[in-house]
$ cat my_file-v8.txt   # compact mmCIF, N, CA and C atoms
# COMPACT_ATOMS: atom_id res chain seq x y z
N MET A 1 0.82 -1.19 0.00
CA MET A 1 0.00 0.00 0.00
C MET A 1 0.87 1.25 0.00
N GLY A 2 1.96 1.23 0.73
CA GLY A 2 2.86 2.38 0.79
C GLY A 2 3.51 2.64 -0.55
N ALA A 3 3.85 1.56 -1.27
CA ALA A 3 4.48 1.73 -2.57
C ALA A 3 3.50 2.34 -3.57
N LEU A 4 2.22 1.95 -3.45
CA LEU A 4 1.21 2.50 -4.34
C LEU A 4 1.02 3.98 -4.09
N LEU A 5 0.96 4.37 -2.80
CA LEU A 5 0.83 5.79 -2.47
C LEU A 5 2.06 6.58 -2.93
N THR A 6 3.23 6.00 -2.79
CA THR A 6 4.44 6.67 -3.25
C THR A 6 4.42 6.84 -4.76
N PHE A 7 3.99 5.80 -5.45
CA PHE A 7 3.92 5.88 -6.91
C PHE A 7 2.91 6.94 -7.34
N LEU A 8 1.73 6.94 -6.75
CA LEU A 8 0.70 7.91 -7.11
C LEU A 8 1.14 9.34 -6.76
N GLY A 9 1.79 9.50 -5.61
CA GLY A 9 2.28 10.83 -5.22
C GLY A 9 3.34 11.33 -6.18
N SER A 10 4.26 10.47 -6.59
CA SER A 10 5.30 10.90 -7.53
C SER A 10 4.70 11.18 -8.91
N ALA A 11 3.71 10.39 -9.31
CA ALA A 11 3.05 10.64 -10.60
C ALA A 11 2.32 11.98 -10.58
N PHE A 12 1.65 12.27 -9.44
CA PHE A 12 0.95 13.55 -9.30
C PHE A 12 1.95 14.71 -9.33
N ALA A 13 3.06 14.56 -8.61
CA ALA A 13 4.08 15.62 -8.59
C ALA A 13 4.70 15.81 -9.96
N THR A 14 4.92 14.72 -10.68
CA THR A 14 5.49 14.81 -12.02
C THR A 14 4.52 15.52 -12.97
N ALA A 15 3.24 15.15 -12.90
CA ALA A 15 2.23 15.79 -13.75
C ALA A 15 2.11 17.27 -13.41
N LEU A 16 2.13 17.59 -12.12
CA LEU A 16 2.06 18.99 -11.70
C LEU A 16 3.29 19.74 -12.19
N GLY A 17 4.44 19.12 -12.11
CA GLY A 17 5.67 19.74 -12.60
C GLY A 17 5.62 19.98 -14.10
N TYR A 18 5.10 19.00 -14.85
CA TYR A 18 4.99 19.17 -16.30
C TYR A 18 4.01 20.30 -16.64
N GLN A 19 2.94 20.40 -15.87
CA GLN A 19 1.98 21.48 -16.11
C GLN A 19 2.62 22.84 -15.84
N ALA A 20 3.41 22.93 -14.79
CA ALA A 20 4.09 24.19 -14.48
C ALA A 20 5.10 24.55 -15.57
N VAL A 21 5.83 23.55 -16.04
CA VAL A 21 6.81 23.81 -17.11
C VAL A 21 6.08 24.19 -18.40
N ARG A 22 4.99 23.50 -18.70
CA ARG A 22 4.21 23.82 -19.90
C ARG A 22 3.65 25.24 -19.81
N TRP A 23 3.14 25.63 -18.63
CA TRP A 23 2.62 26.98 -18.44
C TRP A 23 3.72 28.02 -18.62
N ALA A 24 4.89 27.77 -18.07
CA ALA A 24 6.00 28.70 -18.21
C ALA A 24 6.45 28.80 -19.67
N ALA A 25 6.46 27.68 -20.38
CA ALA A 25 6.86 27.70 -21.79
C ALA A 25 5.86 28.50 -22.63
N TRP A 26 4.56 28.29 -22.38
CA TRP A 26 3.55 29.05 -23.11
C TRP A 26 3.65 30.54 -22.80
N LYS A 27 3.88 30.85 -21.55
CA LYS A 27 4.00 32.26 -21.18
C LYS A 27 5.20 32.89 -21.86
N LEU A 28 6.33 32.20 -21.89
CA LEU A 28 7.52 32.70 -22.56
C LEU A 28 7.29 32.85 -24.06
N LEU A 29 6.63 31.88 -24.67
CA LEU A 29 6.35 31.94 -26.10
C LEU A 29 5.42 33.11 -26.44
N LEU A 30 4.34 33.25 -25.70
CA LEU A 30 3.42 34.36 -25.95
C LEU A 30 4.05 35.71 -25.69
N TRP A 31 4.87 35.81 -24.66
CA TRP A 31 5.57 37.06 -24.35
C TRP A 31 6.52 37.41 -25.48
N THR A 32 7.23 36.42 -26.00
CA THR A 32 8.16 36.66 -27.11
C THR A 32 7.41 37.13 -28.35
N PHE A 33 6.26 36.49 -28.65
CA PHE A 33 5.46 36.93 -29.79
C PHE A 33 4.95 38.35 -29.58
N ALA A 34 4.49 38.66 -28.37
CA ALA A 34 3.93 39.99 -28.10
C ALA A 34 4.99 41.07 -28.19
N ILE A 35 6.22 40.74 -27.88
CA ILE A 35 7.28 41.74 -27.91
C ILE A 35 7.90 41.87 -29.31
N THR A 36 8.00 40.79 -30.05
CA THR A 36 8.75 40.84 -31.31
C THR A 36 7.87 40.77 -32.56
N ILE A 37 6.94 39.86 -32.63
CA ILE A 37 6.24 39.62 -33.89
C ILE A 37 4.98 40.47 -34.02
N PHE A 38 4.15 40.54 -32.99
CA PHE A 38 2.89 41.27 -33.09
C PHE A 38 3.07 42.74 -33.44
N PRO A 39 4.01 43.49 -32.86
CA PRO A 39 4.16 44.90 -33.26
C PRO A 39 4.52 45.06 -34.73
N VAL A 40 5.33 44.17 -35.27
CA VAL A 40 5.69 44.26 -36.69
C VAL A 40 4.48 43.98 -37.56
N VAL A 41 3.70 42.98 -37.21
CA VAL A 41 2.52 42.64 -37.99
C VAL A 41 1.50 43.78 -37.93
N ILE A 42 1.28 44.32 -36.75
CA ILE A 42 0.32 45.43 -36.61
C ILE A 42 0.81 46.66 -37.36
N ASN A 43 2.11 46.94 -37.29
CA ASN A 43 2.66 48.08 -38.02
C ASN A 43 2.47 47.91 -39.52
N ASN A 44 2.77 46.72 -40.04
CA ASN A 44 2.59 46.47 -41.47
C ASN A 44 1.13 46.55 -41.88
N LEU A 45 0.23 46.05 -41.03
CA LEU A 45 -1.19 46.10 -41.33
C LEU A 45 -1.69 47.55 -41.36
N LEU A 46 -1.32 48.34 -40.37
CA LEU A 46 -1.74 49.74 -40.36
C LEU A 46 -1.16 50.51 -41.54
N TRP A 47 0.11 50.23 -41.87
CA TRP A 47 0.71 50.90 -43.01
C TRP A 47 -0.04 50.56 -44.30
N LYS A 48 -0.41 49.30 -44.45
CA LYS A 48 -1.14 48.88 -45.65
C LYS A 48 -2.50 49.57 -45.73
N ILE A 49 -3.21 49.63 -44.61
CA ILE A 49 -4.52 50.29 -44.60
C ILE A 49 -4.39 51.76 -44.95
N ILE A 50 -3.43 52.44 -44.34
CA ILE A 50 -3.25 53.87 -44.61
C ILE A 50 -2.81 54.09 -46.05
N ASN A 51 -1.90 53.27 -46.53
CA ASN A 51 -1.42 53.41 -47.90
C ASN A 51 -2.54 53.18 -48.91
N ASP A 52 -3.37 52.15 -48.69
CA ASP A 52 -4.48 51.88 -49.59
C ASP A 52 -5.51 53.00 -49.56
N SER A 53 -5.82 53.50 -48.38
CA SER A 53 -6.81 54.59 -48.30
C SER A 53 -6.29 55.87 -48.94
N MET A 54 -4.99 56.15 -48.79
CA MET A 54 -4.43 57.34 -49.42
C MET A 54 -4.39 57.19 -50.94
N SER A 55 -4.07 56.00 -51.42
CA SER A 55 -4.06 55.81 -52.87
C SER A 55 -5.48 55.89 -53.43
N LEU A 56 -6.47 55.40 -52.70
CA LEU A 56 -7.86 55.51 -53.13
C LEU A 56 -8.28 56.98 -53.16
N ALA A 57 -7.92 57.73 -52.14
CA ALA A 57 -8.26 59.15 -52.12
C ALA A 57 -7.55 59.90 -53.24
N ASP A 58 -6.33 59.51 -53.54
CA ASP A 58 -5.60 60.14 -54.63
C ASP A 58 -6.25 59.83 -55.97
N GLN A 59 -6.71 58.60 -56.14
CA GLN A 59 -7.40 58.24 -57.39
C GLN A 59 -8.71 59.00 -57.53
N GLN A 60 -9.44 59.15 -56.43
CA GLN A 60 -10.71 59.87 -56.48
C GLN A 60 -10.51 61.35 -56.76
N ALA A 61 -9.43 61.92 -56.23
CA ALA A 61 -9.18 63.35 -56.38
C ALA A 61 -8.41 63.68 -57.64
N SER A 62 -7.97 62.68 -58.40
CA SER A 62 -7.16 62.96 -59.58
C SER A 62 -7.96 63.66 -60.68
N GLY A 63 -9.25 63.46 -60.72
CA GLY A 63 -10.08 64.10 -61.73
C GLY A 63 -10.40 65.55 -61.41
N HIS A 64 -10.21 65.97 -60.19
CA HIS A 64 -10.55 67.32 -59.78
C HIS A 64 -9.28 68.15 -59.63
N SER A 65 -9.45 69.44 -59.73
CA SER A 65 -8.28 70.30 -59.54
C SER A 65 -8.25 70.76 -58.09
N ILE A 66 -7.48 70.07 -57.29
CA ILE A 66 -7.36 70.40 -55.88
C ILE A 66 -5.96 70.94 -55.66
N SER A 67 -5.88 72.12 -55.14
CA SER A 67 -4.56 72.68 -54.84
C SER A 67 -4.40 72.77 -53.33
N ALA A 68 -3.26 72.39 -52.87
CA ALA A 68 -3.01 72.42 -51.44
C ALA A 68 -2.77 73.87 -50.99
N VAL A 69 -3.36 74.20 -49.88
CA VAL A 69 -3.19 75.53 -49.32
C VAL A 69 -2.20 75.41 -48.18
N THR A 70 -1.03 75.97 -48.39
CA THR A 70 -0.03 75.97 -47.33
C THR A 70 0.49 77.37 -47.15
N ILE A 71 0.73 77.70 -45.94
CA ILE A 71 1.31 79.00 -45.61
C ILE A 71 2.69 78.75 -45.07
N GLN A 72 3.67 79.32 -45.72
CA GLN A 72 5.04 79.13 -45.28
C GLN A 72 5.49 80.41 -44.59
N LEU A 73 5.79 80.28 -43.34
CA LEU A 73 6.28 81.41 -42.57
C LEU A 73 7.79 81.28 -42.44
N VAL A 74 8.50 82.10 -43.18
CA VAL A 74 9.95 82.03 -43.17
C VAL A 74 10.50 83.42 -42.83
N GLY A 75 11.73 83.42 -42.42
CA GLY A 75 12.39 84.68 -42.12
C GLY A 75 11.83 85.35 -40.89
N PHE A 76 11.63 86.67 -41.01
CA PHE A 76 11.14 87.45 -39.87
C PHE A 76 9.72 87.08 -39.50
N THR A 77 8.87 86.80 -40.51
CA THR A 77 7.49 86.40 -40.19
C THR A 77 7.46 85.06 -39.47
N GLY A 78 8.36 84.16 -39.85
CA GLY A 78 8.46 82.88 -39.14
C GLY A 78 8.90 83.08 -37.70
N TYR A 79 9.83 83.99 -37.50
CA TYR A 79 10.30 84.29 -36.15
C TYR A 79 9.15 84.86 -35.30
N LEU A 80 8.41 85.82 -35.88
CA LEU A 80 7.29 86.40 -35.13
C LEU A 80 6.19 85.38 -34.86
N ALA A 81 5.92 84.54 -35.85
CA ALA A 81 4.89 83.51 -35.65
C ALA A 81 5.30 82.55 -34.54
N ALA A 82 6.58 82.20 -34.50
CA ALA A 82 7.06 81.31 -33.44
C ALA A 82 6.98 82.00 -32.08
N LYS A 83 7.31 83.27 -32.03
CA LYS A 83 7.24 84.00 -30.76
C LYS A 83 5.81 84.19 -30.28
N PHE A 84 4.90 84.45 -31.20
CA PHE A 84 3.49 84.62 -30.83
C PHE A 84 2.75 83.30 -30.73
N ARG A 85 3.45 82.21 -31.02
CA ARG A 85 2.91 80.85 -30.96
C ARG A 85 1.67 80.68 -31.84
N ILE A 86 1.75 81.20 -33.03
CA ILE A 86 0.64 81.10 -33.98
C ILE A 86 0.44 79.65 -34.45
N PRO A 87 1.49 78.90 -34.78
CA PRO A 87 1.23 77.50 -35.22
C PRO A 87 0.53 76.66 -34.16
N GLU A 88 0.90 76.83 -32.89
CA GLU A 88 0.24 76.07 -31.83
C GLU A 88 -1.23 76.48 -31.71
N GLY A 89 -1.50 77.77 -31.82
CA GLY A 89 -2.88 78.25 -31.73
C GLY A 89 -3.74 77.74 -32.87
N VAL A 90 -3.17 77.74 -34.07
CA VAL A 90 -3.91 77.22 -35.23
C VAL A 90 -4.16 75.73 -35.06
N SER A 91 -3.17 75.03 -34.53
CA SER A 91 -3.33 73.59 -34.30
C SER A 91 -4.45 73.31 -33.31
N ILE A 92 -4.50 74.07 -32.23
CA ILE A 92 -5.57 73.90 -31.24
C ILE A 92 -6.92 74.24 -31.84
N LEU A 93 -6.98 75.30 -32.64
CA LEU A 93 -8.24 75.70 -33.26
C LEU A 93 -8.74 74.64 -34.23
N VAL A 94 -7.86 74.11 -35.07
CA VAL A 94 -8.27 73.08 -36.03
C VAL A 94 -8.68 71.80 -35.29
N SER A 95 -7.97 71.46 -34.22
CA SER A 95 -8.34 70.28 -33.44
C SER A 95 -9.72 70.45 -32.81
N ALA A 96 -10.01 71.64 -32.31
CA ALA A 96 -11.32 71.89 -31.70
C ALA A 96 -12.44 71.80 -32.74
N VAL A 97 -12.20 72.33 -33.93
CA VAL A 97 -13.21 72.26 -34.99
C VAL A 97 -13.45 70.81 -35.40
N MET A 98 -12.38 70.04 -35.55
CA MET A 98 -12.53 68.64 -35.94
C MET A 98 -13.21 67.83 -34.83
N PHE A 99 -12.91 68.15 -33.57
CA PHE A 99 -13.58 67.48 -32.46
C PHE A 99 -15.06 67.78 -32.48
N ARG A 100 -15.40 69.02 -32.75
CA ARG A 100 -16.81 69.41 -32.81
C ARG A 100 -17.52 68.66 -33.93
N LEU A 101 -16.88 68.54 -35.09
CA LEU A 101 -17.48 67.80 -36.19
C LEU A 101 -17.63 66.32 -35.86
N ALA A 102 -16.64 65.76 -35.19
CA ALA A 102 -16.72 64.34 -34.82
C ALA A 102 -17.84 64.10 -33.81
N ILE A 103 -17.99 65.01 -32.87
CA ILE A 103 -19.07 64.88 -31.88
C ILE A 103 -20.44 65.02 -32.54
N ARG A 104 -20.55 65.88 -33.55
CA ARG A 104 -21.83 66.05 -34.22
C ARG A 104 -22.22 64.80 -35.02
N MET A 105 -21.26 63.98 -35.38
CA MET A 105 -21.57 62.77 -36.14
C MET A 105 -22.12 61.67 -35.24
N ILE A 106 -21.94 61.77 -33.94
CA ILE A 106 -22.45 60.76 -33.02
C ILE A 106 -23.93 61.05 -32.77
N PRO A 107 -24.80 60.07 -33.02
CA PRO A 107 -26.21 60.32 -32.80
C PRO A 107 -26.55 60.43 -31.31
N PHE A 108 -27.62 61.14 -31.03
CA PHE A 108 -28.19 61.31 -29.70
C PHE A 108 -27.31 62.17 -28.78
N ILE A 109 -26.42 62.96 -29.35
CA ILE A 109 -25.63 63.90 -28.56
C ILE A 109 -25.92 65.28 -29.11
N ARG A 110 -26.31 66.19 -28.25
CA ARG A 110 -26.63 67.54 -28.68
C ARG A 110 -25.56 68.50 -28.21
N LEU A 111 -24.96 69.20 -29.14
CA LEU A 111 -24.03 70.28 -28.85
C LEU A 111 -24.32 71.47 -29.69
$ encode --input "my_file-v8.txt" --output "structure tokens"
Amino acid sequence: MGALLTFLGSAFATALGYQAVRWAAWKLLLWTFAITIFPVVINNLLWKIINDSMSLADQQASGHSISAVTIQLVGFTGYLAAKFRIPEGVSILVSAVMFRLAIRMIPFIRL
């Protein structure tokens, strides 16, 4: 009877040990994937989505005459704009307008 209990106890300990080793191996494998492979895959996927959407927008806009409006502040005007923090103010203003438009697209919200 003692030999049977010893055998069963060692079998249980061995199985428990294998489960712990298997759990540690899976954790190491998943951690390695999360650190090395998943960011690369997600980066490539996002790049593909953005690239495809930009090429689609470019194809749609190719028939129209769209000119980009850019203001280049160089020299003394650039210096004054930087001192008066005009680019930051314009950025905040455009962000607020876009936030307002995004909020208006959500149904059942009144602003």
$ atom_distance --input "my_file-v8.txt" --atom1 "atom CA of A:Arg85" --atom2 "atom CA of A:Leu73"
12.1 Å
$ select_by_dssp --input "my_file-v8.txt" --residues "chain A" --states "helix (DSSP H, G or I)" --output "number ranges by chain"
A: 2-61, 75-84, 86-105
$ atom_distance --input "my_file-v8.txt" --atom1 "atom N of A:Ala11" --atom2 "atom N of A:Leu28"
25.3 Å
$ atom_distance --input "my_file-v8.txt" --atom1 "atom CA of A:Lys27" --atom2 "atom CA of A:Trp47"
28.9 Å
